[in-house]
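This is entry_16.cif. It holds mmCIF, C-alpha atoms.
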data_start
#
loop_
_atom_site.label_atom_id
_atom_site.label_comp_id
_atom_site.auth_asym_id
_atom_site.auth_seq_id
_atom_site.Cartn_x
_atom_site.Cartn_y
_atom_site.Cartn_z
CA MET J 1 12.07 -1.80 27.82
CA SER J 2 9.98 -3.13 24.90
CA ARG J 3 9.86 -6.83 24.19
CA ARG J 4 11.50 -7.95 21.00
CA ARG J 5 9.14 -9.76 18.65
CA LYS J 6 10.00 -13.33 17.81
CA GLY J 7 10.28 -14.30 14.16
CA ARG J 8 11.72 -12.80 11.02
CA ASP J 9 10.57 -9.85 8.96
CA VAL J 10 8.25 -11.13 6.27
CA ASN J 11 6.39 -8.64 4.08
CA GLY J 12 3.64 -9.37 1.61
CA ILE J 13 0.28 -11.08 1.11
CA LEU J 14 -0.42 -14.79 0.86
CA VAL J 15 -3.83 -15.94 -0.34
CA ILE J 16 -4.96 -19.21 1.22
CA ASP J 17 -7.73 -21.53 0.07
CA LYS J 18 -9.11 -22.07 3.56
CA PRO J 19 -10.18 -25.66 4.24
CA GLN J 20 -13.43 -26.56 5.97
CA GLY J 21 -13.59 -27.27 9.69
CA VAL J 22 -10.89 -24.88 10.92
CA THR J 23 -10.99 -21.27 12.06
CA SER J 24 -9.40 -18.45 10.10
CA ASN J 25 -7.20 -17.62 13.08
CA GLY J 26 -6.10 -21.24 13.29
CA ILE J 27 -4.96 -21.12 9.65
CA LEU J 28 -3.26 -17.77 10.25
CA GLN J 29 -1.22 -19.15 13.15
CA GLN J 30 -0.31 -22.26 11.16
CA ILE J 31 0.96 -20.26 8.17
CA LYS J 32 2.70 -17.74 10.41
CA ARG J 33 4.68 -20.62 11.93
CA LEU J 34 5.54 -22.02 8.49
CA TYR J 35 6.99 -18.65 7.53
CA GLY J 36 8.54 -17.98 10.94
CA ALA J 37 7.01 -14.52 10.60
CA ALA J 38 7.11 -11.89 13.31
CA LYS J 39 3.84 -10.19 12.33
CA ALA J 40 0.79 -11.43 10.46
CA GLY J 41 -2.97 -10.98 10.32
CA HIS J 42 -5.98 -11.96 8.23
CA THR J 43 -8.43 -9.64 6.52
CA GLY J 44 -11.83 -10.89 7.61
CA ALA J 45 -12.63 -14.25 9.15
CA LEU J 46 -14.45 -17.09 7.45
CA ASP J 47 -16.62 -19.39 9.56
CA PRO J 48 -15.20 -22.90 10.19
CA LEU J 49 -17.88 -24.26 7.82
CA ALA J 50 -16.70 -22.00 5.00
CA THR J 51 -13.87 -22.55 2.53
CA GLY J 52 -12.14 -20.37 -0.02
CA VAL J 53 -10.26 -17.12 -0.40
CA LEU J 54 -8.54 -15.97 2.79
CA PRO J 55 -5.84 -13.30 2.27
CA LEU J 56 -3.16 -13.22 4.98
CA CYS J 57 -1.04 -10.12 5.50
CA PHE J 58 2.57 -10.20 6.70
CA GLY J 59 4.67 -7.35 8.05
CA GLU J 60 4.18 -4.09 6.15
CA ALA J 61 1.13 -5.47 4.35
CA THR J 62 -0.81 -5.45 7.64
CA LYS J 63 -0.97 -1.66 7.31
CA PHE J 64 -3.54 -2.16 4.54
CA SER J 65 -5.69 -4.74 6.36
CA GLN J 66 -8.57 -2.32 6.98
CA THR J 67 -8.66 -1.28 3.33
CA MET J 68 -8.81 -4.97 2.39
CA LEU J 69 -11.58 -5.58 4.93
CA ASP J 70 -13.63 -2.86 3.23
CA SER J 71 -13.50 -4.60 -0.17
CA ASP J 72 -16.35 -6.40 -1.93
CA LYS J 73 -16.71 -10.17 -1.53
CA ALA J 74 -18.12 -13.02 -3.63
CA TYR J 75 -19.41 -16.43 -2.57
CA ILE J 76 -21.03 -19.62 -3.82
CA THR J 77 -23.43 -21.05 -1.27
CA THR J 78 -25.91 -23.90 -0.91
CA ALA J 79 -29.14 -23.12 0.92
CA ARG J 80 -30.80 -26.11 2.57
CA LEU J 81 -34.53 -25.47 2.48
CA GLY J 82 -37.08 -26.56 5.07
CA ILE J 83 -34.79 -26.39 8.10
CA ARG J 84 -33.87 -23.42 10.25
CA THR J 85 -30.96 -23.67 12.69
CA GLU J 86 -29.98 -21.48 15.62
CA THR J 87 -26.76 -20.39 13.88
CA GLY J 88 -28.13 -20.06 10.35
CA ASP J 89 -25.80 -22.79 9.09
CA SER J 90 -25.48 -26.55 9.35
CA GLU J 91 -23.32 -26.34 12.49
CA GLY J 92 -26.22 -25.15 14.63
CA ALA J 93 -29.03 -27.05 16.30
CA VAL J 94 -32.27 -27.38 14.36
CA VAL J 95 -34.94 -25.00 15.67
CA GLU J 96 -37.69 -25.55 13.07
CA GLU J 97 -38.59 -27.86 10.21
CA LYS J 98 -41.19 -27.20 7.54
CA PRO J 99 -42.21 -28.94 4.31
CA VAL J 100 -40.57 -27.54 1.19
CA PRO J 101 -43.03 -26.63 -1.58
CA ALA J 102 -42.35 -27.66 -5.16
CA LEU J 103 -40.48 -24.65 -6.47
CA THR J 104 -39.90 -23.62 -10.06
CA GLU J 105 -36.93 -21.52 -11.14
CA ALA J 106 -39.33 -18.69 -11.94
CA GLN J 107 -40.75 -18.74 -8.42
CA VAL J 108 -37.30 -18.69 -6.85
CA GLU J 109 -36.14 -15.91 -9.19
CA ALA J 110 -39.10 -13.78 -8.16
CA VAL J 111 -38.02 -14.10 -4.52
CA LEU J 112 -34.34 -13.48 -5.25
CA GLU J 113 -35.20 -10.25 -7.07
CA ARG J 114 -36.32 -8.80 -3.72
CA PHE J 115 -32.79 -9.21 -2.36
CA ARG J 116 -30.81 -7.69 -5.23
CA GLY J 117 -29.40 -4.19 -4.99
CA ASP J 118 -29.47 -2.07 -1.84
CA ILE J 119 -31.15 -3.90 1.04
CA GLN J 120 -31.41 -3.74 4.81
CA GLN J 121 -30.02 -6.75 6.67
CA VAL J 122 -30.18 -7.71 10.35
CA PRO J 123 -26.85 -9.36 11.31
CA SER J 124 -26.90 -12.86 12.76
CA MET J 125 -26.57 -13.29 16.53
CA TYR J 126 -23.78 -15.72 15.65
CA SER J 127 -21.63 -13.02 14.09
CA ALA J 128 -18.43 -11.41 15.34
CA LEU J 129 -20.05 -7.98 15.60
CA LYS J 130 -19.46 -6.58 19.07
CA HIS J 131 -21.88 -5.34 21.73
CA LYS J 132 -20.31 -3.68 24.77
CA GLY J 133 -16.93 -5.10 23.79
CA ARG J 134 -18.09 -8.70 23.38
CA PRO J 135 -18.86 -10.49 20.08
CA LEU J 136 -22.51 -11.29 19.55
CA TYR J 137 -21.85 -15.03 19.29
CA GLU J 138 -20.76 -15.07 22.94
CA TYR J 139 -24.15 -13.69 23.99
CA ALA J 140 -25.89 -16.16 21.66
CA ARG J 141 -24.11 -19.11 23.28
CA GLU J 142 -25.38 -17.89 26.64
CA GLY J 143 -28.93 -17.73 25.33
CA ILE J 144 -29.00 -13.91 25.37
CA GLU J 145 -30.65 -12.13 22.44
CA ILE J 146 -29.28 -8.66 21.64
CA GLU J 147 -31.36 -6.27 19.57
CA ARG J 148 -29.54 -5.62 16.29
CA PRO J 149 -30.53 -2.75 14.02
CA ALA J 150 -30.76 -3.52 10.32
CA ARG J 151 -27.76 -2.34 8.32
CA PRO J 152 -27.55 -1.27 4.67
CA VAL J 153 -25.67 -3.67 2.37
CA THR J 154 -25.59 -4.03 -1.39
CA ILE J 155 -26.06 -7.31 -3.25
CA TYR J 156 -24.46 -6.69 -6.65
CA GLU J 157 -25.13 -10.19 -7.92
CA LEU J 158 -27.50 -12.90 -6.73
CA THR J 159 -27.55 -15.66 -9.31
CA LEU J 160 -29.53 -18.89 -9.07
CA LEU J 161 -27.17 -21.69 -10.11
CA ALA J 162 -29.37 -24.70 -9.39
CA VAL J 163 -32.72 -25.72 -7.88
CA ARG J 164 -33.13 -29.13 -6.27
CA GLU J 165 -35.93 -30.56 -4.15
CA GLN J 166 -34.53 -29.22 -0.90
CA GLU J 167 -31.59 -27.04 -1.97
CA LEU J 168 -30.67 -23.92 -3.87
CA ASP J 169 -27.19 -23.12 -5.15
CA LEU J 170 -26.53 -19.36 -5.28
CA ALA J 171 -23.70 -17.08 -6.41
CA VAL J 172 -23.48 -13.84 -4.42
CA THR J 173 -21.34 -10.74 -4.92
CA CYS J 174 -21.81 -8.14 -2.19
CA THR J 175 -20.41 -5.32 -0.14
CA LYS J 176 -18.48 -5.78 3.09
CA GLY J 177 -20.54 -6.64 6.13
CA THR J 178 -23.01 -8.82 4.25
CA TYR J 179 -23.86 -12.02 6.11
CA ILE J 180 -24.63 -14.87 3.73
CA ARG J 181 -26.29 -16.81 6.57
CA SER J 182 -28.70 -13.94 7.14
CA LEU J 183 -29.33 -13.61 3.40
CA VAL J 184 -30.15 -17.33 3.09
CA GLU J 185 -32.37 -17.23 6.19
CA ASP J 186 -34.26 -14.23 4.80
CA ILE J 187 -34.74 -15.94 1.42
CA GLY J 188 -36.02 -19.04 3.21
CA ALA J 189 -38.47 -16.95 5.20
CA VAL J 190 -39.95 -15.41 2.04
CA LEU J 191 -40.19 -18.86 0.43
CA GLY J 192 -42.19 -19.87 3.49
CA CYS J 193 -40.15 -22.91 4.46
CA GLY J 194 -37.06 -21.51 6.15
CA ALA J 195 -33.46 -22.23 5.15
CA HIS J 196 -29.89 -22.42 6.38
CA VAL J 197 -26.42 -22.43 4.80
CA SER J 198 -25.14 -25.97 4.27
CA ALA J 199 -22.08 -25.02 2.19
CA LEU J 200 -20.21 -21.74 1.67
CA ARG J 201 -17.19 -20.99 -0.48
CA ARG J 202 -15.68 -17.51 -0.83
CA THR J 203 -14.48 -16.91 -4.35
CA LEU J 204 -13.38 -13.25 -4.10
CA ALA J 205 -11.91 -11.07 -1.35
CA SER J 206 -9.69 -7.98 -1.55
CA GLY J 207 -9.54 -8.42 -5.32
CA TYR J 208 -8.07 -11.93 -5.02
CA THR J 209 -9.76 -15.03 -6.44
CA LEU J 210 -9.33 -18.77 -6.04
CA GLU J 211 -6.75 -18.62 -8.85
CA ASN J 212 -4.48 -16.72 -6.44
CA ALA J 213 -5.09 -19.11 -3.54
CA HIS J 214 -2.72 -21.78 -2.18
CA ASP J 215 -3.58 -25.04 -0.47
CA VAL J 216 -2.25 -25.33 3.09
CA LYS J 217 -1.10 -28.91 2.52
CA ASP J 218 0.97 -27.80 -0.48
CA LEU J 219 2.71 -25.19 1.66
CA GLU J 220 3.48 -27.77 4.33
CA ALA J 221 4.91 -30.12 1.69
CA MET J 222 7.13 -27.34 0.34
CA ARG J 223 8.45 -26.60 3.83
CA GLU J 224 9.15 -30.30 4.44
CA ARG J 225 11.19 -30.38 1.21
CA GLY J 226 13.16 -27.39 2.45
CA GLU J 227 11.77 -25.05 -0.22
CA SER J 228 11.32 -21.35 0.49
CA LEU J 229 7.76 -20.05 0.66
CA ASP J 230 8.76 -16.42 0.22
CA GLY J 231 8.33 -16.53 -3.55
CA LEU J 232 4.60 -17.12 -3.11
CA LEU J 233 4.07 -13.77 -1.42
CA LEU J 234 2.31 -11.02 -3.35
CA PRO J 235 3.42 -7.40 -2.84
CA PRO J 236 1.27 -5.27 -0.48
CA GLU J 237 0.17 -3.00 -3.31
CA SER J 238 -1.48 -5.93 -5.11
CA ALA J 239 -4.44 -5.46 -2.73
CA LEU J 240 -4.81 -1.79 -3.67
CA THR J 241 -5.38 -1.95 -7.41
CA MET J 242 -8.80 -0.30 -6.99
CA PHE J 243 -6.96 2.98 -6.35
CA PRO J 244 -5.20 5.05 -9.05
CA GLU J 245 -1.42 5.15 -9.23
CA HIS J 246 0.75 8.27 -8.96
CA ARG J 247 4.54 8.51 -9.18
CA LEU J 248 6.70 11.02 -7.32
CA SER J 249 10.35 11.92 -7.58
CA GLY J 250 12.82 14.46 -6.25
CA SER J 251 11.85 16.68 -3.32
CA ALA J 252 8.18 15.61 -3.47
CA LEU J 253 9.19 11.98 -2.97
CA VAL J 254 11.48 12.91 -0.08
CA SER J 255 8.65 14.83 1.59
CA ILE J 256 6.20 11.94 1.29
CA LEU J 257 8.79 9.50 2.65
CA ASN J 258 9.20 11.82 5.62
CA GLY J 259 5.45 11.78 6.23
CA GLN J 260 4.83 15.28 4.90
CA PRO J 261 2.05 16.27 2.48
CA VAL J 262 3.01 17.41 -1.01
CA ARG J 263 1.27 19.60 -3.58
CA ILE J 264 0.85 18.45 -7.17
CA SER J 265 0.27 21.19 -9.71
CA GLY J 266 -2.13 20.92 -12.60
CA GLN J 267 -3.58 17.53 -11.68
CA SER J 268 -6.98 16.73 -10.27
CA LEU J 269 -7.01 13.72 -7.96
CA GLU J 270 -9.39 12.78 -5.16
CA GLY J 271 -9.53 9.91 -2.69
CA PHE J 272 -6.89 7.30 -1.99
CA VAL J 273 -3.92 6.96 -4.34
CA ARG J 274 -1.16 4.36 -4.63
CA VAL J 275 2.11 6.29 -4.47
CA TYR J 276 5.28 5.06 -6.17
CA GLY J 277 8.75 6.51 -6.26
CA ASP J 278 11.19 6.09 -9.12
CA ARG J 279 11.26 2.33 -8.54
CA ASN J 280 9.21 1.11 -5.58
CA PHE J 281 5.78 1.30 -4.00
CA VAL J 282 5.85 3.93 -1.25
CA GLY J 283 2.41 3.66 0.30
CA LEU J 284 -1.15 4.91 0.29
CA ALA J 285 -1.91 8.62 0.28
CA GLU J 286 -5.14 10.62 0.28
CA ALA J 287 -5.58 13.12 -2.54
CA MET J 288 -7.43 16.34 -1.73
CA PRO J 289 -8.31 18.81 -4.51
CA GLU J 290 -7.17 22.39 -3.87
CA GLY J 291 -8.26 24.57 -6.77
CA ASP J 292 -6.42 23.38 -9.88
CA ASP J 293 -3.90 21.49 -7.74
CA THR J 294 -3.99 18.42 -5.51
CA LYS J 295 -2.58 17.89 -2.04
CA LEU J 296 -1.30 14.37 -1.32
CA VAL J 297 -1.41 13.45 2.37
CA PRO J 298 0.44 10.23 3.31
CA ARG J 299 -1.76 7.76 5.21
CA ARG J 300 0.06 4.40 5.17
CA LEU J 301 3.72 4.29 4.21
CA VAL J 302 5.80 1.18 3.65
CA LYS J 303 9.06 1.03 5.55
CA ASN J 304 12.34 0.70 3.69
CA SER J 305 10.73 1.35 0.34
CA GLY J 306 13.47 3.80 -0.55
CA GLY J 307 11.33 5.19 -3.33
#
If you convert what's in this file into C-alpha cells, what do you get?
Amino acid sequence: MSRRRKGRDVNGILVIDKPQGVTSNGILQQIKRLYGAAKAGHTGALDPLATGVLPLCFGEATKFSQTMLDSDKAYITTARLGIRTETGDSEGAVVEEKPVPALTEAQVEAVLERFRGDIQQVPSMYSALKHKGRPLYEYAREGIEIERPARPVTIYELTLLAVREQELDLAVTCTKGTYIRSLVEDIGAVLGCGAHVSALRRTLASGYTLENAHDVKDLEAMRERGESLDGLLLPPESALTMFPEHRLSGSALVSILNGQPVRISGQSLEGFVRVYGDRNFVGLAEAMPEGDDTKLVPRRLVKNSGG
C-alpha cells in the first residue's frame, strides 16, 4: 500500500531571489512549507555564497525540471585576485597568496578573450558532480583528489565590468555545467596571481531574470498576513518558451492526451514543441519529420489539462 503524500497539490513555478548564506535545498524546503505543497524541487543548486535567480518547481512543473536544468545561465561575479582558496571561493581556506600586478583594462581584456566562446573546463573538486555515486565535494572534504576530465562549455558573454587593485567584476553568460569558480580560478592563473570568487549573483536561469524573482522575507510576510501565495506562481510552460508552440484539437488532441503519437500533415517541425489544446497547455512533445509530415510524440504531459 503506497504512502499518501502530505501537503496539497500546488502546480507552477516560483522564482526566488536566493539570499546569501543558505543552501538551495534549505530555501526549497522553506518555501515548500509556506505553500504546504506536496511536491517541489529546484532546478540547479546555487552555492551558499551565491545569491540570485533560483526557480522552484511545484507539482506538474517538476516534469520539466531537467529541461530547465539544461538552460543557459548568467551571472555577475567578483574575482578576488592574489588569493587562491581550496574551494575556489571565499568560503574555503587560503592555499596560496601572491602579489597582484598593476593591471590595465587592456591587459585583463586580452586574458578574458582566451575564455570566450567554446572552451574546455575542468570542474571544481567542490562541485556536486558525482564519482561512483558520491558528489565530488565529499571526496574533497576527505582530502581525496579525483581526476576530472575537462568538459566542453560555451561562454557566450564575458564582460569586464570593473577593475580595482585586487578585484575584477565580471558578467558571464554561459551554457549549463559551467563553473564560475573554475572560470575565475583559470583567469587568475593566466594573470599569474591566482583568484577566487568573493561574490556571485545569478541573474538568469531557465529564461527567468531577477525581475521575476521574489524575496523570501516578502513571502513570509504575506503568509503572516494570511494572504495567498498561489497568485505568484508562473505556469509550467513559462519555462519552455525556447520551444515552438503547436495547437491540436479533435481526435489529434485526444490521442496526445492519451499518450499516443499523432501525425501532422503538411508541416515541418523538429525537436521539442509546446503542445496546446483548444484552451490549455497540454505538455511537451518531440517532433520528428516524416517526409512532408511530422510525427508528434508526447514526452511530458500535464495532468488535468483537459486540452
For this session: Let me know the residues the PyMOL selection byres ((chain J and resi 90) around 7) catches in the file above, as a ChimeraX atom specification.
Result: /J:89,91-92,196-198
Take the residues from that selection and put them in a file with C-alpha atoms, as a PDB file, in the frame of the given file.
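The file below, selection36.pdb, is the result:
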ATOM      1  CA  ASP J  89     -25.800 -22.790   9.090  1.00  0.00           C
ATOM      2  CA  GLU J  91     -23.320 -26.340  12.490  1.00  0.00           C
ATOM      3  CA  GLY J  92     -26.220 -25.150  14.630  1.00  0.00           C
ATOM      4  CA  HIS J 196     -29.890 -22.420   6.380  1.00  0.00           C
ATOM      5  CA  VAL J 197     -26.420 -22.430   4.800  1.00  0.00           C
ATOM      6  CA  SER J 198     -25.140 -25.970   4.270  1.00  0.00           C
TER       7      SER J 198
END
For this session: Give me the residues within 12 Å of Thr77 (chain J) as JSON, numbers by chain, counting all atoms listed in the file and dropping any in the same chain fewer than 3 places off.
Result: {"J": [49, 50, 51, 52, 74, 80, 89, 158, 159, 160, 161, 162, 167, 168, 169, 170, 171, 172, 173, 179, 180, 181, 183, 184, 195, 196, 197, 198, 199, 200, 201, 202, 203]}
For this session: Determine the residue membership of the PyMOL selection byres ((chain J and resi 216) around 9) for the file above and supply it as a VMD selection string.
Result: chain J and resid 16 to 19 27 30 to 31 214 to 215 217 to 221
Let me see the file: selected residues, C-alpha atoms, as an mmCIF file, in the coordinates of the input.
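Final output, saved to result.cif:
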data_model
loop_
_atom_site.group_PDB
_atom_site.id
_atom_site.type_symbol
_atom_site.label_atom_id
_atom_site.label_comp_id
_atom_site.auth_asym_id
_atom_site.auth_seq_id
_atom_site.Cartn_x
_atom_site.Cartn_y
_atom_site.Cartn_z
ATOM 1 C CA ILE J 16 -4.960 -19.210 1.220
ATOM 2 C CA ASP J 17 -7.730 -21.530 0.070
ATOM 3 C CA LYS J 18 -9.110 -22.070 3.560
ATOM 4 C CA PRO J 19 -10.180 -25.660 4.240
ATOM 5 C CA ILE J 27 -4.960 -21.120 9.650
ATOM 6 C CA GLN J 30 -0.310 -22.260 11.160
ATOM 7 C CA ILE J 31 0.960 -20.260 8.170
ATOM 8 C CA HIS J 214 -2.720 -21.780 -2.180
ATOM 9 C CA ASP J 215 -3.580 -25.040 -0.470
ATOM 10 C CA LYS J 217 -1.100 -28.910 2.520
ATOM 11 C CA ASP J 218 0.970 -27.800 -0.480
ATOM 12 C CA LEU J 219 2.710 -25.190 1.660
ATOM 13 C CA GLU J 220 3.480 -27.770 4.330
ATOM 14 C CA ALA J 221 4.910 -30.120 1.690
#
Exercise. Where does the PyMOL selection byres ((chain J and resi 66) around 12) land in this file, that is, which residues does it pick, as JSON, numbers by chain?
Worked result: {"J": [41, 42, 43, 44, 57, 61, 62, 63, 64, 65, 67, 68, 69, 70, 71, 176, 206, 239, 240, 300]}
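Residues surrounding region 121-138 of chain J within 9 Å are Ala45, Glu86, Thr87, Gly88, Ile119, Ala140, Arg141, Glu142, Gly143, Ile144, Glu145, Ile146, Arg148, Pro149, Ala150, Arg151, Pro152, Val153, Gly177, Thr178, Tyr179, Arg181, Ser182, Leu183 and Asp186 of chain J [only C-alpha atoms; sequence separation below 2 positions excluded].
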Generate a file of the selected residues that holds C-alpha atoms, formatted as a JSON list (two decimals), in the frame of the given file.
[["chain", "number", "residue", "atom", "x", "y", "z"],
["J", 45, "ALA", "CA", -12.63, -14.25, 9.15],
["J", 86, "GLU", "CA", -29.98, -21.48, 15.62],
["J", 87, "THR", "CA", -26.76, -20.39, 13.88],
["J", 88, "GLY", "CA", -28.13, -20.06, 10.35],
["J", 119, "ILE", "CA", -31.15, -3.90, 1.04],
["J", 140, "ALA", "CA", -25.89, -16.16, 21.66],
["J", 141, "ARG", "CA", -24.11, -19.11, 23.28],
["J", 142, "GLU", "CA", -25.38, -17.89, 26.64],
["J", 143, "GLY", "CA", -28.93, -17.73, 25.33],
["J", 144, "ILE", "CA", -29.00, -13.91, 25.37],
["J", 145, "GLU", "CA", -30.65, -12.13, 22.44],
["J", 146, "ILE", "CA", -29.28, -8.66, 21.64],
["J", 148, "ARG", "CA", -29.54, -5.62, 16.29],
["J", 149, "PRO", "CA", -30.53, -2.75, 14.02],
["J", 150, "ALA", "CA", -30.76, -3.52, 10.32],
["J", 151, "ARG", "CA", -27.76, -2.34, 8.32],
["J", 152, "PRO", "CA", -27.55, -1.27, 4.67],
["J", 153, "VAL", "CA", -25.67, -3.67, 2.37],
["J", 177, "GLY", "CA", -20.54, -6.64, 6.13],
["J", 178, "THR", "CA", -23.01, -8.82, 4.25],
["J", 179, "TYR", "CA", -23.86, -12.02, 6.11],
["J", 181, "ARG", "CA", -26.29, -16.81, 6.57],
["J", 182, "SER", "CA", -28.70, -13.94, 7.14],
["J", 183, "LEU", "CA", -29.33, -13.61, 3.40],
["J", 186, "ASP", "CA", -34.26, -14.23, 4.80]]
Problem set entry | Pick from J:Leu248, J:Val100, J:Leu233, J:Leu284, whichever lies nearest to Tyr35 (chain J) using all atoms listed in the file | J:Leu233
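Relative to CA of Asn280 (chain J), CA of Ser265 (chain J) is found at 22.4 Å.
The coordinates place CA of Arg263 (chain J) at 4.5 Å from CA of Lys295 (chain J).
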For this session: Can you work out which one of J:Leu191, J:Leu81, J:Leu34, J:Val275 has the shortest atom-to-atom distance to Glu227 (chain J), counting all atoms listed in the file?
Result: J:Leu34
For this session: With only C-alpha atoms counted, which protein, DNA or RNA residues have an atom no more than 12 Å from (5.7, 4.9, 0.5) in the file frame? Please answer as a VMD selection string.
Result: chain J and resid 60 to 61 63 236 to 237 246 to 249 252 to 260 273 to 285 296 to 307
